[in-house]
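K.L.:
Here you go, this is target_18.pdb (PDB, C-alpha atoms).
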ATOM      1  CA  MET P1427      22.782  -3.322  -9.563
ATOM      2  CA  ALA P1428      19.691  -2.036 -11.310
ATOM      3  CA  THR P1429      17.591   1.059 -10.817
ATOM      4  CA  LEU P1430      13.852   0.741 -10.352
ATOM      5  CA  THR P1431      11.709   3.839 -10.736
ATOM      6  CA  PRO P1432       8.213   3.633  -9.241
ATOM      7  CA  THR P1433       5.849   6.568  -9.715
ATOM      8  CA  LEU P1434       2.433   7.130  -8.193
ATOM      9  CA  THR P1435      -0.072   9.662  -9.488
ATOM     10  CA  LEU P1436      -3.277  10.591  -7.667
ATOM     11  CA  VAL P1437      -5.867  12.661  -9.493
ATOM     12  CA  SER P1438      -9.343  13.880  -8.628
ATOM     13  CA  THR P1439     -11.166  16.939  -9.858
ATOM     14  CA  ASP P1440     -14.102  16.653  -7.489
ATOM     15  CA  ILE P1441     -13.130  15.113  -4.158
ATOM     16  CA  ALA P1442     -12.450  18.589  -2.753
ATOM     17  CA  SER P1443     -12.523  22.211  -3.867
ATOM     18  CA  ASP P1444      -8.770  22.108  -4.280
ATOM     19  CA  GLU P1445      -8.153  19.754  -7.179
ATOM     20  CA  LEU P1446      -6.054  16.726  -6.295
ATOM     21  CA  ASN P1447      -3.263  16.172  -8.774
ATOM     22  CA  PHE P1448       0.138  15.065  -7.648
ATOM     23  CA  SER P1449       2.856  12.575  -8.450
ATOM     24  CA  VAL P1450       5.607  11.086  -6.367
ATOM     25  CA  THR P1451       8.518   9.075  -7.667
ATOM     26  CA  ASP P1452      11.453   7.214  -6.205
ATOM     27  CA  SER P1453      14.705   5.672  -7.343
ATOM     28  CA  LEU P1454      15.413   2.261  -5.848
ATOM     29  CA  ASN P1455      18.598   0.243  -6.076
ATOM     30  CA  ILE P1456      17.790  -3.391  -6.746
ATOM     31  CA  THR P1457      20.732  -5.656  -6.020
ATOM     32  CA  LYS P1458      19.309  -9.059  -5.183
ATOM     33  CA  ASP P1459      16.482 -11.363  -6.228
ATOM     34  CA  VAL P1460      13.757 -10.262  -8.609
ATOM     35  CA  ILE P1461      10.466 -11.846  -9.516
ATOM     36  CA  SER P1462       9.574  -9.829 -12.567
ATOM     37  CA  VAL P1463       5.981  -9.330 -13.602
ATOM     38  CA  SER P1464       4.229 -12.631 -13.053
ATOM     39  CA  LYS P1465       0.637 -13.779 -13.112
ATOM     40  CA  ILE P1466      -0.957 -16.615 -11.166
ATOM     41  CA  GLN P1467      -4.443 -17.969 -10.829
ATOM     42  CA  LEU P1468      -5.643 -18.058  -7.253
ATOM     43  CA  SER P1469      -8.282 -20.007  -5.402
ATOM     44  CA  THR P1470      -9.809 -19.598  -1.966
ATOM     45  CA  GLY P1471      -6.882 -21.605  -0.598
ATOM     46  CA  ASN P1472      -3.641 -19.932   0.407
ATOM     47  CA  SER P1473      -0.931 -19.344  -2.176
ATOM     48  CA  THR P1474       2.477 -18.097  -1.041
ATOM     49  CA  ILE P1475       3.750 -15.492  -3.458
ATOM     50  CA  GLY P1476       6.621 -14.256  -1.298
ATOM     51  CA  ALA P1477       8.569 -16.376   1.171
ATOM     52  CA  THR P1478      10.309 -15.163   4.296
ATOM     53  CA  SER P1479      13.692 -15.748   2.682
ATOM     54  CA  TYR P1480      13.467 -12.288   1.132
ATOM     55  CA  GLY P1481      15.157  -9.304   2.728
ATOM     56  CA  LYS P1482      14.301  -5.676   2.158
ATOM     57  CA  SER P1483      12.067  -5.707  -0.910
ATOM     58  CA  TYR P1484       9.420  -3.818  -2.803
ATOM     59  CA  VAL P1485       6.189  -5.515  -3.846
ATOM     60  CA  TYR P1486       3.809  -4.764  -6.697
ATOM     61  CA  LEU P1487       0.391  -6.464  -6.706
ATOM     62  CA  ARG P1488      -2.543  -6.111  -9.063
ATOM     63  CA  ASN P1489      -5.863  -7.881  -9.164
ATOM     64  CA  THR P1490      -6.615  -8.393 -12.852
ATOM     65  CA  ASP P1491     -10.157  -9.628 -12.258
ATOM     66  CA  ASP P1492     -13.011  -7.211 -12.886
ATOM     67  CA  THR P1493     -15.296  -8.523 -10.149
ATOM     68  CA  ILE P1494     -13.645 -10.848  -7.605
ATOM     69  CA  ALA P1495     -11.602  -9.501  -4.694
ATOM     70  CA  ILE P1496      -8.219 -10.905  -3.731
ATOM     71  CA  ASN P1497      -7.021 -10.980  -0.130
ATOM     72  CA  ILE P1498      -3.392 -10.550   0.814
ATOM     73  CA  GLU P1499      -2.400 -11.876   4.212
ATOM     74  CA  ILE P1500       0.854 -10.569   5.608
ATOM     75  CA  THR P1501       0.235 -10.638   9.308
ATOM     76  CA  ASP P1502      -0.853 -13.956  10.704
ATOM     77  CA  GLY P1503      -4.552 -14.505  10.267
ATOM     78  CA  ASN P1504      -5.349 -11.057   8.914
ATOM     79  CA  ASP P1505      -6.276 -10.437   5.288
ATOM     80  CA  THR P1506      -4.756  -7.023   5.645
ATOM     81  CA  ILE P1507      -4.843  -5.875   2.063
ATOM     82  CA  GLN P1508      -7.930  -6.547   0.024
ATOM     83  CA  LEU P1509      -7.431  -5.866  -3.650
ATOM     84  CA  GLY P1510     -10.813  -5.100  -5.138
ATOM     85  CA  ALA P1511     -11.490  -5.495  -8.825
ATOM     86  CA  GLU P1512      -8.515  -4.248 -10.831
ATOM     87  CA  GLU P1513      -6.887  -2.607  -7.807
ATOM     88  CA  PHE P1514      -3.135  -2.450  -7.236
ATOM     89  CA  ALA P1515      -0.701  -1.979  -4.365
ATOM     90  CA  PHE P1516       2.962  -1.072  -4.111
ATOM     91  CA  PHE P1517       4.767  -1.199  -0.786
ATOM     92  CA  PRO P1518       8.058  -2.013   0.923
ATOM     93  CA  TRP P1519       8.264  -5.423   2.553
ATOM     94  CA  THR P1520      10.945  -6.833   4.824
ATOM     95  CA  GLY P1521      10.250 -10.515   4.259
ATOM     96  CA  GLY P1522       9.607 -10.892   7.969
ATOM     97  CA  SER P1523       6.231 -12.465   7.234
ATOM     98  CA  ALA P1524       5.316 -14.387   4.100
ATOM     99  CA  LEU P1525       3.021 -12.876   1.502
ATOM    100  CA  ILE P1526      -0.060 -15.070   1.191
ATOM    101  CA  ALA P1527      -2.756 -14.531  -1.443
ATOM    102  CA  PHE P1528      -6.193 -16.084  -1.778
ATOM    103  CA  SER P1529      -9.388 -15.197  -3.558
ATOM    104  CA  ALA P1530     -12.629 -14.106  -1.941
ATOM    105  CA  SER P1531     -14.291 -16.573  -4.310
ATOM    106  CA  GLY P1532     -13.614 -18.209  -7.642
ATOM    107  CA  THR P1533     -10.300 -18.198  -9.425
ATOM    108  CA  PRO P1534      -9.125 -14.665 -10.220
ATOM    109  CA  TYR P1535      -5.652 -13.870 -11.490
ATOM    110  CA  LEU P1536      -3.082 -11.906  -9.509
ATOM    111  CA  GLU P1537      -0.300 -10.013 -11.227
ATOM    112  CA  TYR P1538       2.726  -9.464  -8.989
ATOM    113  CA  ALA P1539       6.386  -8.601  -8.878
ATOM    114  CA  ILE P1540       8.970  -8.577  -6.082
ATOM    115  CA  PHE P1541      12.183  -6.568  -6.177
ATOM    116  CA  GLU P1542      14.773  -7.266  -3.458
ATOM    117  CA  ALA P1543      17.029  -4.315  -2.699
TER     118      ALA P1543
ATOM    119  CA  MET L1035     -19.566  10.806  -5.619
ATOM    120  CA  ALA L1036     -16.022  11.812  -6.341
ATOM    121  CA  THR L1037     -13.836  10.193  -8.925
ATOM    122  CA  THR L1038     -10.290   9.647  -7.717
ATOM    123  CA  THR L1039      -7.820   7.795  -9.875
ATOM    124  CA  ALA L1040      -4.546   6.274  -8.742
ATOM    125  CA  THR L1041      -1.944   5.298 -11.308
ATOM    126  CA  VAL L1042       1.303   3.472 -10.710
ATOM    127  CA  SER L1043       4.127   3.102 -13.162
ATOM    128  CA  ILE L1044       7.213   1.039 -12.450
ATOM    129  CA  SER L1045      10.107   1.095 -14.860
ATOM    130  CA  SER L1046      13.674  -0.046 -15.164
ATOM    131  CA  SER L1047      16.011  -0.047 -18.115
ATOM    132  CA  ASP L1048      18.655  -2.272 -16.554
ATOM    133  CA  LEU L1049      16.844  -4.769 -14.360
ATOM    134  CA  MET L1050      17.019  -7.423 -17.057
ATOM    135  CA  PRO L1051      19.372  -6.802 -19.962
ATOM    136  CA  GLY L1052      17.528  -6.512 -23.257
ATOM    137  CA  SER L1053      14.124  -6.430 -21.600
ATOM    138  CA  PRO L1054      13.230  -3.047 -20.120
ATOM    139  CA  LEU L1055      10.586  -3.177 -17.420
ATOM    140  CA  SER L1056       7.541  -0.973 -17.851
ATOM    141  CA  ILE L1057       4.490  -1.566 -15.689
ATOM    142  CA  THR L1058       1.486   0.732 -15.648
ATOM    143  CA  ALA L1059      -1.716   0.149 -13.709
ATOM    144  CA  ASN L1060      -4.519   2.419 -12.630
ATOM    145  CA  THR L1061      -7.590   2.129 -10.507
ATOM    146  CA  VAL L1062     -10.529   4.281  -9.543
ATOM    147  CA  LEU L1063     -10.889   4.395  -5.768
ATOM    148  CA  THR L1064     -14.323   3.049  -4.894
ATOM    149  CA  LYS L1065     -16.377   1.992  -1.924
ATOM    150  CA  ALA L1066     -16.187  -1.650  -0.882
ATOM    151  CA  GLY L1067     -17.868  -3.949  -3.359
ATOM    152  CA  VAL L1068     -19.492  -1.226  -5.400
ATOM    153  CA  THR L1069     -18.532   1.188  -8.140
ATOM    154  CA  ALA L1070     -19.418   4.370  -6.258
ATOM    155  CA  GLY L1071     -16.472   6.654  -5.681
ATOM    156  CA  LEU L1072     -15.063   7.523  -2.283
ATOM    157  CA  THR L1073     -16.124  10.801  -0.778
ATOM    158  CA  GLN L1074     -13.696  11.538   2.039
ATOM    159  CA  MET L1075      -9.983  12.096   2.279
ATOM    160  CA  GLU L1076      -7.392  13.352   4.712
ATOM    161  CA  THR L1077      -4.027  14.570   3.562
ATOM    162  CA  GLY L1078      -1.178  15.964   5.544
ATOM    163  CA  VAL L1079       2.463  16.308   6.456
ATOM    164  CA  ARG L1080       3.747  15.357   9.880
ATOM    165  CA  SER L1081       7.132  15.329  11.570
ATOM    166  CA  ILE L1082       7.288  12.373  13.907
ATOM    167  CA  VAL L1083       9.965  11.553  16.427
ATOM    168  CA  ALA L1084      11.662   8.197  16.688
ATOM    169  CA  GLY L1085      10.956   5.586  19.280
ATOM    170  CA  THR L1086       7.169   5.737  19.373
ATOM    171  CA  GLU L1087       4.578   3.707  17.515
ATOM    172  CA  TYR L1088       1.865   5.831  15.979
ATOM    173  CA  ARG L1089      -1.489   4.839  14.570
ATOM    174  CA  LEU L1090      -2.153   6.271  11.128
ATOM    175  CA  GLY L1091      -5.769   6.571  10.096
ATOM    176  CA  PRO L1092      -8.893   5.584  11.964
ATOM    177  CA  LEU L1093      -9.806   2.390  13.713
ATOM    178  CA  ALA L1094     -12.482   0.265  12.102
ATOM    179  CA  THR L1095     -14.945   1.276  14.788
ATOM    180  CA  GLU L1096     -14.308   4.919  13.953
ATOM    181  CA  MET L1097     -15.818   4.327  10.551
ATOM    182  CA  ALA L1098     -19.524   3.954   9.834
ATOM    183  CA  GLY L1099     -21.235   0.916   8.449
ATOM    184  CA  ASP L1100     -23.033  -2.161   9.573
ATOM    185  CA  ILE L1101     -19.848  -4.130   9.233
ATOM    186  CA  HIS L1102     -16.447  -2.608   9.712
ATOM    187  CA  ASP L1103     -15.044  -3.826   6.471
ATOM    188  CA  VAL L1104     -14.553  -0.500   4.842
ATOM    189  CA  ALA L1105     -12.615   0.140   1.663
ATOM    190  CA  SER L1106      -9.844   2.576   2.374
ATOM    191  CA  TYR L1107      -6.670   3.539   0.574
ATOM    192  CA  LEU L1108      -3.444   4.805   2.035
ATOM    193  CA  TYR L1109      -0.632   6.750   0.404
ATOM    194  CA  LEU L1110       2.399   7.235   2.627
ATOM    195  CA  CYS L1111       5.785   8.737   1.792
ATOM    196  CA  ASN L1112       8.843   9.280   3.958
ATOM    197  CA  THR L1113      10.038  12.689   2.796
ATOM    198  CA  THR L1114      13.108  12.812   5.003
ATOM    199  CA  THR L1115      16.391  13.376   3.184
ATOM    200  CA  GLU L1116      18.545  11.806   5.868
ATOM    201  CA  ASP L1117      20.730   8.726   5.428
ATOM    202  CA  ALA L1118      19.690   5.081   5.680
ATOM    203  CA  THR L1119      19.677   5.154   9.477
ATOM    204  CA  TYR L1120      16.434   7.104   9.124
ATOM    205  CA  TYR L1121      13.398   5.116   8.099
ATOM    206  CA  ILE L1122       9.828   4.369   9.088
ATOM    207  CA  ASP L1123       8.625   0.918  10.006
ATOM    208  CA  TRP L1124       5.094   0.350   8.799
ATOM    209  CA  GLY L1125       2.814  -2.477   9.701
ATOM    210  CA  ILE L1126      -0.622  -3.754  10.496
ATOM    211  CA  HIS L1127      -1.405  -3.965  14.190
ATOM    212  CA  GLU L1128       1.660  -5.469  15.907
ATOM    213  CA  THR L1129       3.345  -6.899  12.809
ATOM    214  CA  MET L1130       5.952  -4.810  11.053
ATOM    215  CA  ILE L1131       5.708  -5.305   7.294
ATOM    216  CA  GLY L1132       8.194  -2.957   5.674
ATOM    217  CA  LYS L1133      10.545  -0.004   5.968
ATOM    218  CA  LEU L1134      10.143   3.311   4.191
ATOM    219  CA  TYR L1135      13.548   4.913   3.707
ATOM    220  CA  ALA L1136      14.147   8.489   2.559
ATOM    221  CA  GLY L1137      11.973   9.177  -0.449
ATOM    222  CA  ASP L1138      10.210   5.816  -0.393
ATOM    223  CA  TRP L1139       6.443   5.751  -0.837
ATOM    224  CA  MET L1140       3.707   3.167  -0.683
ATOM    225  CA  PHE L1141       0.100   2.894  -1.815
ATOM    226  CA  ILE L1142      -2.246   0.167  -0.607
ATOM    227  CA  PRO L1143      -5.911  -0.594  -0.408
ATOM    228  CA  TRP L1144      -6.489  -1.193   3.281
ATOM    229  CA  ASN L1145      -9.078  -3.598   4.560
ATOM    230  CA  ALA L1146     -10.116  -2.118   7.893
ATOM    231  CA  SER L1147     -11.802  -5.298   8.983
ATOM    232  CA  ASP L1148     -11.557  -4.667  12.727
ATOM    233  CA  ASP L1149      -9.754  -2.539  15.283
ATOM    234  CA  ALA L1150      -6.858  -5.009  15.323
ATOM    235  CA  ALA L1151      -6.100  -4.206  11.691
ATOM    236  CA  GLU L1152      -4.960  -0.648  12.264
ATOM    237  CA  ILE L1153      -2.006   0.819  10.415
ATOM    238  CA  GLU L1154       0.993   1.546  12.608
ATOM    239  CA  ILE L1155       4.151   3.471  11.843
ATOM    240  CA  GLU L1156       7.300   3.887  13.916
ATOM    241  CA  PRO L1157      10.087   6.256  12.887
ATOM    242  CA  GLN L1158      13.671   5.139  13.419
ATOM    243  CA  GLY L1159      16.942   7.031  13.565
ATOM    244  CA  GLY L1160      15.487  10.403  14.523
ATOM    245  CA  THR L1161      12.677  12.662  13.469
ATOM    246  CA  ASN L1162      11.223  11.625  10.116
ATOM    247  CA  THR L1163       8.690  13.569   8.092
ATOM    248  CA  ILE L1164       5.791  11.847   6.410
ATOM    249  CA  GLU L1165       3.439  12.937   3.692
ATOM    250  CA  TYR L1166       0.215  10.987   3.617
ATOM    251  CA  ALA L1167      -3.211  10.767   2.057
ATOM    252  CA  PHE L1168      -5.995   8.608   3.336
ATOM    253  CA  PHE L1169      -9.113   7.970   1.275
ATOM    254  CA  ASN L1170     -12.360   6.351   2.399
ATOM    255  CA  SER L1171     -16.056   6.966   2.574
ATOM    256  CA  ASP L1172     -17.116   6.251   6.102
ATOM    257  CA  PHE L1173     -14.860   8.038   8.547
ATOM    258  CA  ILE L1174     -16.841   9.559  11.397
ATOM    259  CA  LEU L1175     -15.638  12.293  13.706
ATOM    260  CA  THR L1176     -15.151  11.447  17.348
ATOM    261  CA  THR L1177     -17.921  12.725  19.587
ATOM    262  CA  ALA L1178     -16.810  15.666  21.695
ATOM    263  CA  ALA L1179     -16.437  15.132  25.443
TER     264      ALA L1179
END
As structure tokens, please, write out the structure in this file.

P.N.:
Amino acid sequence: MATLTPTLTLVSTDIASDELNFSVTDSLNITKDVISVSKIQLSTGNSTIGATSYGKSYVYLRNTDDTIAINIEITDGNDTIQLGAEEFAFFPWTGGSALIAFSASGTPYLEYAIFEA
Amino acid sequence: MATTTATVSISSSDLMPGSPLSITANTVLTKAGVTAGLTQMETGVRSIVAGTEYRLGPLATEMAGDIHDVASYLYLCNTTTEDATYYIDWGIHETMIGKLYAGDWMFIPWNASDDAAEIEIEPQGGTNTIEYAFFNSDFILTTAA
């Protein structure tokens, strides 16, 4: 068993009068499969980055391109997460639906990792 | 325009022996397709009872714009301290995607492409407490009756 520590920090000095500056962290027990940090080149066609064979997992995604968006389809037919240029996401995933990635255009690179608890 | 920066770090010293994991990524939250910063946010803490699906955040048609393809970002954390029978299912529309157990958090860009792409949460096990922040630029208040 391994321990994974994800931390998120959100900072803004000017979105409101009360400065935004907070961090949240977690401690996750990872006991099963791991796809450590990986990088693939996408196209406008579908690429499966996470199959439904996974159980309770945590997913890290990052669009490394500085212009082209990457769409992540989790629910059938919906590009539910759109990673703009150099955006990231981190979320829990059950493996109930496959993780599909495709580019809005061109061939950007997606960095990703999957940690199965 | 406001400048809001999100940073994630993911680390582990024992995931792979001899190769500590250390990921760091950051992004400035911007409007869709442009570099202008987002101007609106909603943050809060809610206690929500089990057994009901709740919509978190606006529908696409509750946001302005010629097309309802608005860049939004969601931070959500389950701050309950109960055991593993307490968690929050989260999903898009009718599809459950993941479970947030006690202390778990998530951060995603959300593509509010249409009203059938709304974010749904459903607590399980009992009353869970969430902490959330929602960032976008085009949320419009509902007209009073």

K.L.:
Identify which of the residues P:Asp1444, P:Asp1492, P:Glu1542, P:Asp1452 lies closest to chain L, counting only C-alpha atoms when measuring atom-to-atom distances.

P.N.:
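The closest residue to chain L is P:Asp1452.
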
K.L.:
I need the contact residues of chain L against chain P, so if you could list those with any atom within 7 Å, counting only C-alpha atoms, and return them as a list in words, that would help.

P.N.:
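Within 7 Å of chain P on chain L, we get Ala1036, Thr1037, Thr1038, Thr1039, Ala1040, Thr1041, Val1042, Ser1043, Ile1044, Ser1045, Ser1046, Asp1048, Leu1049, Thr1061, Thr1073, Thr1129, Ile1131, Gly1132, Lys1133, Leu1134, Gly1137, Asp1138, Met1140, Phe1141, Ile1142, Pro1143, Trp1144, Asn1145 and Ala1151 of chain L.
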
K.L.:
Determine the nearest neighbour of Thr1095 (chain L) from the options L:Asp1148, L:Ala1066, L:Glu1076, L:Asn1162, counting only C-alpha atoms.

P.N.:
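Among the listed residues, the smallest separation from Thr1095 (chain L) belongs to L:Asp1148.
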
K.L.:
Return the single residue from L:Ile1082, L:Met1130, L:Gln1158, L:Ser1147 that is closest to Ser1106 (chain L), with distances computed using all atoms listed in the file.

P.N.:
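Of L:Ile1082, L:Met1130, L:Gln1158, L:Ser1147, the one nearest Ser1106 (chain L) is L:Ser1147, counting all atoms listed in the file.
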
K.L.:
Could you tell me which residues the PyMOL selection byres ((chain P and resi 1530) around 6) grabs in this file, written as a PyMOL selection string?

P.N.:
chain P and resi 1495-1496+1529+1531

K.L.:
Restricting the calculation to all atoms listed in the file: of L:Thr1161, L:Thr1113, L:Thr1069, L:Asn1060, which residue gets closest to Gly1085 (chain L)?

P.N.:
L:Thr1161

K.L.:
Once the PyMOL selection byres ((chain L and resi 1164) around 8) has been applied to the shown file, what residues remain in the selection, as a PyMOL selection string?

P.N.:
chain L and resi 1079-1082+1110-1114+1162-1163+1165-1166

K.L.:
Using all atoms listed in the file, what residues lie at most 6 Å away from (-9.5, 10.8, 4.5) (file coordinates), given as a list in words?

P.N.:
Gln1074, Met1075, Glu1076, Phe1168, Phe1169 and Asn1170 of chain L

K.L.:
Translate the PyMOL selection byres ((chain L and resi 1122) around 7), as applied to the file shown, into an explicit residue set as a list in words.

P.N.:
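Selection result, ordered by chain and number: Tyr1121, Asp1123, Trp1124, Lys1133, Leu1134, Tyr1135, Ile1155, Glu1156, Pro1157 and Gln1158 of chain L.
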
K.L.:
Which centre and edge lengths in Å to one decimal define the box along x, y and z that fits every listed atom of region 1118-1132 of chain L plus 3 Å per side, as JSON?

P.N.:
{"center_x": 9.1, "center_y": 0.1, "center_z": 10.8, "size_x": 27.1, "size_y": 20.0, "size_z": 16.2}

K.L.:
Find the residues around Ile1153 (chain L) up to 6 Å (all atoms listed in the file counted), leave out those fewer than 6 positions away in its own chain, and share them as a PyMOL selection string.

P.N.:
chain L and resi 1089-1090+1125-1126

K.L.:
Identify the residues around (1.2, -21.6, -2.2) within a radius of 10 Å, measuring from only C-alpha atoms in the coordinates stated by the file, and give them as number ranges by chain.

P.N.:
P: 1468, 1471-1477, 1525-1528

K.L.:
Between P:Ala1543, P:Phe1448, P:Glu1499, P:Ile1461, which residue has the minimum interatomic distance to Tyr1109 (chain L), considering only C-alpha atoms?

P.N.:
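Of P:Ala1543, P:Phe1448, P:Glu1499, P:Ile1461, the one nearest Tyr1109 (chain L) is P:Phe1448, counting only C-alpha atoms.
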
K.L.:
Using C-alpha atoms, give me region 1084-1145 of chain L from the structure I just pasted, as a JSON list (two decimals), in the first residue's frame.

P.N.:
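Contents of decode29.json, as written:
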[["chain", "number", "residue", "atom", "x", "y", "z"],
["L", 1084, "ALA", "CA", -28.45, 11.52, 1.85],
["L", 1085, "GLY", "CA", -30.81, 10.08, -0.69],
["L", 1086, "THR", "CA", -31.35, 13.11, -2.90],
["L", 1087, "GLU", "CA", -29.59, 14.20, -6.06],
["L", 1088, "TYR", "CA", -28.62, 17.84, -6.03],
["L", 1089, "ARG", "CA", -27.50, 20.08, -8.85],
["L", 1090, "LEU", "CA", -24.34, 22.01, -8.08],
["L", 1091, "GLY", "CA", -23.77, 25.17, -10.05],
["L", 1092, "PRO", "CA", -25.86, 26.72, -12.78],
["L", 1093, "LEU", "CA", -27.35, 25.22, -15.88],
["L", 1094, "ALA", "CA", -25.83, 26.28, -19.18],
["L", 1095, "THR", "CA", -28.88, 28.39, -19.94],
["L", 1096, "GLU", "CA", -28.38, 30.23, -16.66],
["L", 1097, "MET", "CA", -25.12, 31.58, -18.00],
["L", 1098, "ALA", "CA", -24.80, 34.36, -20.57],
["L", 1099, "GLY", "CA", -23.30, 34.08, -23.99],
["L", 1100, "ASP", "CA", -24.28, 33.44, -27.54],
["L", 1101, "ILE", "CA", -23.37, 29.82, -27.13],
["L", 1102, "HIS", "CA", -23.62, 28.01, -23.85],
["L", 1103, "ASP", "CA", -20.12, 26.69, -23.90],
["L", 1104, "VAL", "CA", -18.82, 28.58, -20.94],
["L", 1105, "ALA", "CA", -15.53, 27.95, -19.20],
["L", 1106, "SER", "CA", -16.18, 27.15, -15.59],
["L", 1107, "TYR", "CA", -14.14, 25.54, -12.85],
["L", 1108, "LEU", "CA", -15.35, 23.56, -9.89],
["L", 1109, "TYR", "CA", -13.63, 22.80, -6.60],
["L", 1110, "LEU", "CA", -15.53, 20.38, -4.39],
["L", 1111, "CYS", "CA", -14.48, 18.77, -1.11],
["L", 1112, "ASN", "CA", -16.32, 16.38, 1.16],
["L", 1113, "THR", "CA", -15.41, 17.69, 4.60],
["L", 1114, "THR", "CA", -17.25, 15.02, 6.55],
["L", 1115, "THR", "CA", -15.14, 13.09, 9.04],
["L", 1116, "GLU", "CA", -17.37, 10.03, 9.09],
["L", 1117, "ASP", "CA", -16.35, 6.53, 8.01],
["L", 1118, "ALA", "CA", -16.32, 5.10, 4.49],
["L", 1119, "THR", "CA", -20.08, 4.55, 4.48],
["L", 1120, "TYR", "CA", -20.32, 8.32, 4.03],
["L", 1121, "TYR", "CA", -19.44, 9.65, 0.61],
["L", 1122, "ILE", "CA", -20.74, 11.83, -2.18],
["L", 1123, "ASP", "CA", -21.41, 10.53, -5.66],
["L", 1124, "TRP", "CA", -20.56, 13.13, -8.26],
["L", 1125, "GLY", "CA", -21.41, 13.06, -11.90],
["L", 1126, "ILE", "CA", -22.45, 14.84, -15.04],
["L", 1127, "HIS", "CA", -26.16, 14.75, -15.74],
["L", 1128, "GLU", "CA", -27.34, 11.17, -15.07],
["L", 1129, "THR", "CA", -23.93, 9.48, -15.11],
["L", 1130, "MET", "CA", -22.13, 8.99, -11.84],
["L", 1131, "ILE", "CA", -18.39, 9.47, -12.32],
["L", 1132, "GLY", "CA", -16.76, 9.21, -8.91],
["L", 1133, "LYS", "CA", -17.10, 9.11, -5.14],
["L", 1134, "LEU", "CA", -15.75, 11.71, -2.75],
["L", 1135, "TYR", "CA", -15.06, 10.10, 0.61],
["L", 1136, "ALA", "CA", -14.25, 11.98, 3.82],
["L", 1137, "GLY", "CA", -11.60, 14.56, 3.07],
["L", 1138, "ASP", "CA", -11.49, 13.90, -0.66],
["L", 1139, "TRP", "CA", -11.48, 16.87, -3.02],
["L", 1140, "MET", "CA", -11.66, 17.41, -6.74],
["L", 1141, "PHE", "CA", -10.93, 20.24, -9.16],
["L", 1142, "ILE", "CA", -12.10, 20.23, -12.77],
["L", 1143, "PRO", "CA", -12.63, 22.60, -15.63],
["L", 1144, "TRP", "CA", -16.28, 22.11, -16.51],
["L", 1145, "ASN", "CA", -17.57, 22.47, -20.02]]
